[in-house]
Every structure is written in C-alpha cells, then in structure tokens.
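Q: One structure coming up, written as structure tokens, with questions to follow.
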Amino acid sequence: MTMDKNKTNRFMPLIMAICVIVGIIIGTFYANHFSGNRLNIINNGSSRLSNLLHIIDDQYVDTVNINDLVEKAIPQILSDLDPHSVYISAKDVETANSDLQSSFSGIGVEFVIMQDTIQIQNVIKDGPADKSGVLAGDKIVRIDGKPFVGKDVTNTEAMHRLKGPKGSKVTIGVQRYGEKDVKNITITRGDIMTKSITATYMLNDSIGYIRIKSFGEATYTEMLSSLAMLTAQGMKGLVIDLRDNGGGYLQSAVNMANEFLPQNRLIVYTQGRKSPRADYKSDGRGKYQKLPLVVLINEASASSSEIFAGAMQDNDRATIVGRRSFGKGLVQQQIAFPDGSMIRLTIARYYTPSGRCIQKPYQPGDEADYEADLLNRYQHGEFFSQDSIKHTGPAYHTVLGRTVYGGGGITPDIFVPEDTTNFTSYYKEAIMNGLMLQYAFVYTDQNRPLLSQYSEMTPLNEYLKKQNLVEKFANYADKNGMRRRNLMIMKSHNLLERFLNGRVIYNILDEQAWNEYNNEDDPTITAALKVFRTGAFPKLKK
C-alpha cells in the first residue's frame, strides 16, 4: 500500500510542530531533573516554598508526609515575625476558641489530674453531671467503657473525651471515696455556661468588688449584672480586679470602658502597615460615669486588661493600683485554612488614648528572651521596688496633664510590691511541685461530709484554722519525698496555711469564696481601699 505524496506534504507542517512541542516537553523534563531544578519561578519567596515542597515530594530519597512537614514549618515561620502570631492545628481550633466563649457543650465538672487520674474538684450546680449524680471528689477511671488512667490522661485528651455535641451521651466510670466498686454513670451532655467574672461582692459597706478572669463574649453583660447587684447593696465606689487576666476580646474591653467614660473619649486605637487607624470612642451612654473607680493590675494582666486600664488611666477616670502589666499590644486577625486549621496573624498594634503603644519591646525570632521577660523583671527587682521599673519609652500625658510612659505595659499610679517577707525555699518547693494543691484535695476528699456542712467562707475558714493543716501537710509531704524543714515551716507558716485553707475553701465552696478569702489580707486590696479613704484619685497637674 502506498501513501499519497500530496497528503504527506499537506500534514508535514503539523507533524513538525508536534515534534517540536514534544521535544520542548522532553527537554524541559530533563532540564528540571538533571540541571539542579533551577526554575525561574523559584526566584520569588512564596513560589520557592511551594516548589520546595513539590520537589521534596517528587524526588526525596524517602517517603515524606508533606502535611506533617507543613504543620512543623508554619509555626516556625510565624515565630520569626512576633511572639503572638501563631498557628493552630485543626484539632486544637475548638479548644483555642472555646476559652472565650460564654458556653460550651459538656458534662459540667471542674477537674484536676493527679497521679495520672482525673479527680473532680467541683460539679457545676444544675449541670448534666450534677443531675446525673456525680459528686465532687469522684475519680474518673473509665470513659465509655474504656480505662482512662495512666500517661494517656492529659488535660487536652480529657477535655476531648468529656466534651461533645449537646444531647450526646457519655458514660463515665467513677471511683468514689470509701467505695470499692467503680460506679458507672451515664450523662447526657448539655450547654455549660462559663463565667468570666468570678467574684462580685462588697469589700465593706460602701465599696464594691468585681474580679474579671478574662474578657469573653459575655463579659460586658456579666459586668452589668454585677454592677446592678452591687448598686442594690449600696455601692459608692468600685474596685475592678484585672490581676492575672490575660485578656480576650477587644470589644468586651471597649464596652466595659464605655460604661465609665463621658461622651467622645478615646478608649483605644489600632494601627498597622496595612490596617488604617481605627478609633474606639465612648458614646456617653454609660451609667457609671461618675462612680469612683480603682483598677487592679499586675505583671500577668495583658491585652484587653491593658486596654481597659490604659483607657481609665489616660482619661484620668480611675486610679490604677498594683504592678506593671505584661505589655501585649499586638492585634491578631484570625484566618482559617480549608482543612480547619488557622493562624492568628498580627496585623496592627494597640495604642492607649495618650498615644502609648502597649506592646513591650521584642526581637523577631527571639521567643525565649521574650518569654523570660517576667523572670528578668523579677530578678531585676521590679516586683519589689517601684524605682526598679525601667521606662524605656517616651513620656506621654493624660487628659489632665499627668505624665505616663510608653515602652510596654501599664505602670500603676500606686505601686504595691510583692510580699516575700516569709518566703522560703520550702514554701517555693511546695508550691512548684504541686504537693500543697494535691494535699488540699486529699484533705477535702477525706473530710468532705463534715466540710460540706459549711455553706459560707468565714465559718469554714474559722473551722480550718483549728485543724493545723500545715503540720498535716508537712507529714504528708515528708512521706511523698519532700523533706521536713522545721525552721522554714515556722517562718512560712502563715503562707502555707493561707494556701492550704484557701484551696480547701475553693474545693468545698466556689471561686467567689476563694477570692473573698484571698482578699482578706491582700496588700493590693488594702491599698485600693486606702485610695477611697484618702481620695487619691487623678487630679489636675499643678
């Protein structure tokens, strides 16, 4: 059979074009694989990362899980930006977001992990666990028929197993004090309300007190309820305690500040390279604009706590008492990835009304030095002497002309040093190794029927004072590897007793009772009350 020459000539250009294309493809393939993969597209940063992962996946000597590689690489990249830009894996997103939500679905217990076992400290009243017969002191040893003790018992894993969709069921096996058999209890999960305000009461006949643990989505609403309660009890002045409050939602702090400020006062503003300045101002609708106010802060007060304290200080609205705050003034935006993971990326900085940047100095990538800041402050003496506070930033001025300083954190108007008069290495060790917390729970568990007869803090405390818990703890600690140091125990006796009695009160009653107990001889509370007696509120600079 012969081929028509005219047809051959007619298709020759097409055949030649196909050959050229095939040659280019083959040439590119070999060039990519045998000339060092010098792709022009790799010359820019983002493309280099993408192509690096592609090359590793395509050519690396061993099989590589690219997803795991990315999970490890993203946190490292973000850590080189600033201390607060972070990556959160898909499995941790729910936990990360639930801390500031006003409710979640679970069984309704507070627990600690001791000796690789979940031990229930408190059962939330009228919650699912309470209705099912779970008691404080119960030890959870099984979940859904499977043993849950040992090294697998972590806080994260326990939360994962006990939380779940509303209406779902979980069966826990509990070991109850004085009973040999494990008791199986089936609980239907339900909505658990979480409160960011942990104490509301009157310090005396005229001064109210509110302890805010964090700034969650319901904090402002909770505060209004607390204010109404205190007003009904004759409040003429207010202490807002933000010590150890690590922050939370910006809007909650702004709404709170609005309640105490006259109209059109700047509360805070944010600004970044790609984020234009955004001002947050008061609208003048606050009902407590003239209520005398003291705000308590310390070195663990951060973010939204500093926004609120800074707004009150710069507007000369309150006296700030305590120690210099943490210094977190970076604004994070939450950005989700398709796989459910997310990043919190810093997009701006917070500034107080006077123009101070709240954020303390940091070196990008030097995370260890940043985390050691509080330790460095302690060693430098800042916790004990106001003169040791280093003002590295410029001076600014409040509405009334008082001088305040930038450089990170909020410096209080009235400094209260940390009291270490009776501090010993024995007390420090007892705190750090967790033995005091453990013994307080053991004592509570062994004496729960008797202790549960007390429904108020004061009579329970009077009873505990007669039980000599310090001596009992020293014996317990000695049997658990912490040698008795009698002279140190004598010197730290009051500190040891305060901690032990306080934790037992917490175990039997609640966090409010614990706060009331701790505040009884708290130097910072004493200093706050003195402000009201002496009228040491911000005044016009002379």
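Residue numbers start at 1 in each chain; chains themselves are named A, B, ... in the order of the structure tokens; ligands are numbered from 1 in the order shown.
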As a ChimeraX atom specification, please: every residue in range 262-377 of chain A that a backbone DSSP assignment puts in helix (DSSP H, G or I).
A: /A:304-314,367-371,373-377
Q: Go ahead and write the residues just picked, N, CA, C and O atoms, as a CSV table (one decimal), in the first residue's frame.
A:
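Generated file (selection-v9.csv):
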```csv
chain,number,residue,atom,x,y,z
A,304,SER,N,-6.4,42.9,76.6
A,304,SER,CA,-7.7,43.7,76.8
A,304,SER,C,-7.7,44.3,78.2
A,304,SER,O,-8.2,45.3,78.5
A,305,SER,N,-7.0,43.6,79.2
A,305,SER,CA,-6.8,44.2,80.5
A,305,SER,C,-6.1,45.5,80.5
A,305,SER,O,-6.4,46.4,81.2
A,306,GLU,N,-5.0,45.5,79.6
A,306,GLU,CA,-4.2,46.7,79.5
A,306,GLU,C,-5.0,47.8,78.7
A,306,GLU,O,-4.8,49.0,79.0
A,307,ILE,N,-5.8,47.4,77.8
A,307,ILE,CA,-6.6,48.4,77.1
A,307,ILE,C,-7.6,49.1,78.0
A,307,ILE,O,-7.7,50.3,78.0
A,308,PHE,N,-8.2,48.3,78.9
A,308,PHE,CA,-9.2,48.9,79.8
A,308,PHE,C,-8.4,49.8,80.8
A,308,PHE,O,-8.8,50.9,81.1
A,309,ALA,N,-7.3,49.2,81.4
A,309,ALA,CA,-6.6,50.0,82.4
A,309,ALA,C,-6.0,51.3,81.8
A,309,ALA,O,-6.0,52.3,82.4
A,310,GLY,N,-5.5,51.1,80.6
A,310,GLY,CA,-4.9,52.3,79.9
A,310,GLY,C,-5.9,53.4,79.6
A,310,GLY,O,-5.6,54.6,79.7
A,311,ALA,N,-7.1,52.9,79.2
A,311,ALA,CA,-8.2,53.9,78.9
A,311,ALA,C,-8.6,54.6,80.2
A,311,ALA,O,-8.8,55.9,80.1
A,312,MET,N,-8.7,53.9,81.3
A,312,MET,CA,-9.1,54.6,82.5
A,312,MET,C,-7.9,55.5,83.0
A,312,MET,O,-8.2,56.6,83.5
A,313,GLN,N,-6.7,55.1,82.8
A,313,GLN,CA,-5.6,56.0,83.3
A,313,GLN,C,-5.4,57.2,82.4
A,313,GLN,O,-5.3,58.3,82.9
A,314,ASP,N,-5.4,57.0,81.1
A,314,ASP,CA,-5.2,58.2,80.2
A,314,ASP,C,-6.3,59.2,80.2
A,314,ASP,O,-6.1,60.4,79.9
A,367,GLU,N,12.1,34.3,70.7
A,367,GLU,CA,11.0,34.0,71.6
A,367,GLU,C,11.4,33.7,73.0
A,367,GLU,O,10.7,34.0,74.0
A,368,ALA,N,12.5,33.1,73.2
A,368,ALA,CA,13.0,32.7,74.5
A,368,ALA,C,13.2,33.9,75.4
A,368,ALA,O,12.8,33.9,76.6
A,369,ASP,N,13.8,34.9,74.8
A,369,ASP,CA,14.1,36.2,75.6
A,369,ASP,C,12.8,36.9,75.9
A,369,ASP,O,12.6,37.4,77.0
A,370,TYR,N,11.8,36.8,75.0
A,370,TYR,CA,10.5,37.5,75.3
A,370,TYR,C,9.8,36.8,76.4
A,370,TYR,O,9.2,37.4,77.3
A,371,GLU,N,9.8,35.4,76.4
A,371,GLU,CA,9.1,34.7,77.4
A,371,GLU,C,9.8,34.8,78.8
A,371,GLU,O,9.2,34.6,79.8
A,373,ASP,N,10.9,37.5,80.0
A,373,ASP,CA,10.8,38.9,80.4
A,373,ASP,C,10.3,39.1,81.9
A,373,ASP,O,10.9,39.8,82.7
A,374,LEU,N,9.3,38.3,82.3
A,374,LEU,CA,8.8,38.4,83.6
A,374,LEU,C,9.8,37.9,84.6
A,374,LEU,O,10.0,38.5,85.7
A,375,LEU,N,10.6,36.9,84.3
A,375,LEU,CA,11.6,36.4,85.2
A,375,LEU,C,12.7,37.5,85.3
A,375,LEU,O,13.2,37.7,86.4
A,376,ASN,N,13.1,38.1,84.2
A,376,ASN,CA,14.1,39.2,84.2
A,376,ASN,C,13.6,40.4,85.1
A,376,ASN,O,14.4,41.0,85.8
A,377,ARG,N,12.3,40.7,85.0
A,377,ARG,CA,11.7,41.8,85.8
A,377,ARG,C,11.9,41.4,87.3
A,377,ARG,O,12.2,42.2,88.2
```
Q: Taking the backbone alone, and naming residues the way the document does, which bits of range 221-356 of chain A are strand (DSSP E) by DSSP, as a VMD selection string?
A: chain A and resid 237 to 241 266 to 271 278 to 281 293 to 297 319 to 322 330 to 336 342 to 351
Q: Skipping near chain neighbours, those fewer than 5 positions away, what residues fall within 8 Å of range 496-499 of chain A using only C-alpha atoms, listed as a list of chain:residue names?
A: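 Listed by chain and then number, they are A:Tyr427, A:Met436, A:Leu469, A:Val470, A:Ile489, A:Asn518.
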Q: Rank nothing, just name the residue among A:Ser85, A:Asn315, A:Thr194, A:Thr403 nearest to Leu345 in chain A, using only C-alpha atoms.
A: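 Closest residue, counting only C-alpha atoms: A:Ser85.
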Q: What gap, in Å, lies between CA of Ala232 in chain A and CA of Thr319 in chain A?
A: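 CA of Ala232 in chain A sits 23.9 Å away from CA of Thr319 in chain A.
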Q: For each of A:Gly284, A:Gly234, A:Pro276, A:Gly355, take the minimum atom-to-atom distance to Ala257 in chain A, counting only C-alpha atoms, then give the residue where this is smallest.
A: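 Ranking A:Gly284, A:Gly234, A:Pro276, A:Gly355 by distance to Ala257 in chain A, first place goes to A:Gly284.
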Q: With only C-alpha atoms as the atoms that count, which of A:Leu242, A:Gln453, A:Leu500, A:Ile140 lies nearest to Phe473 in chain A?
A: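 Using only C-alpha atoms, the shortest distance to Phe473 in chain A belongs to A:Leu500.
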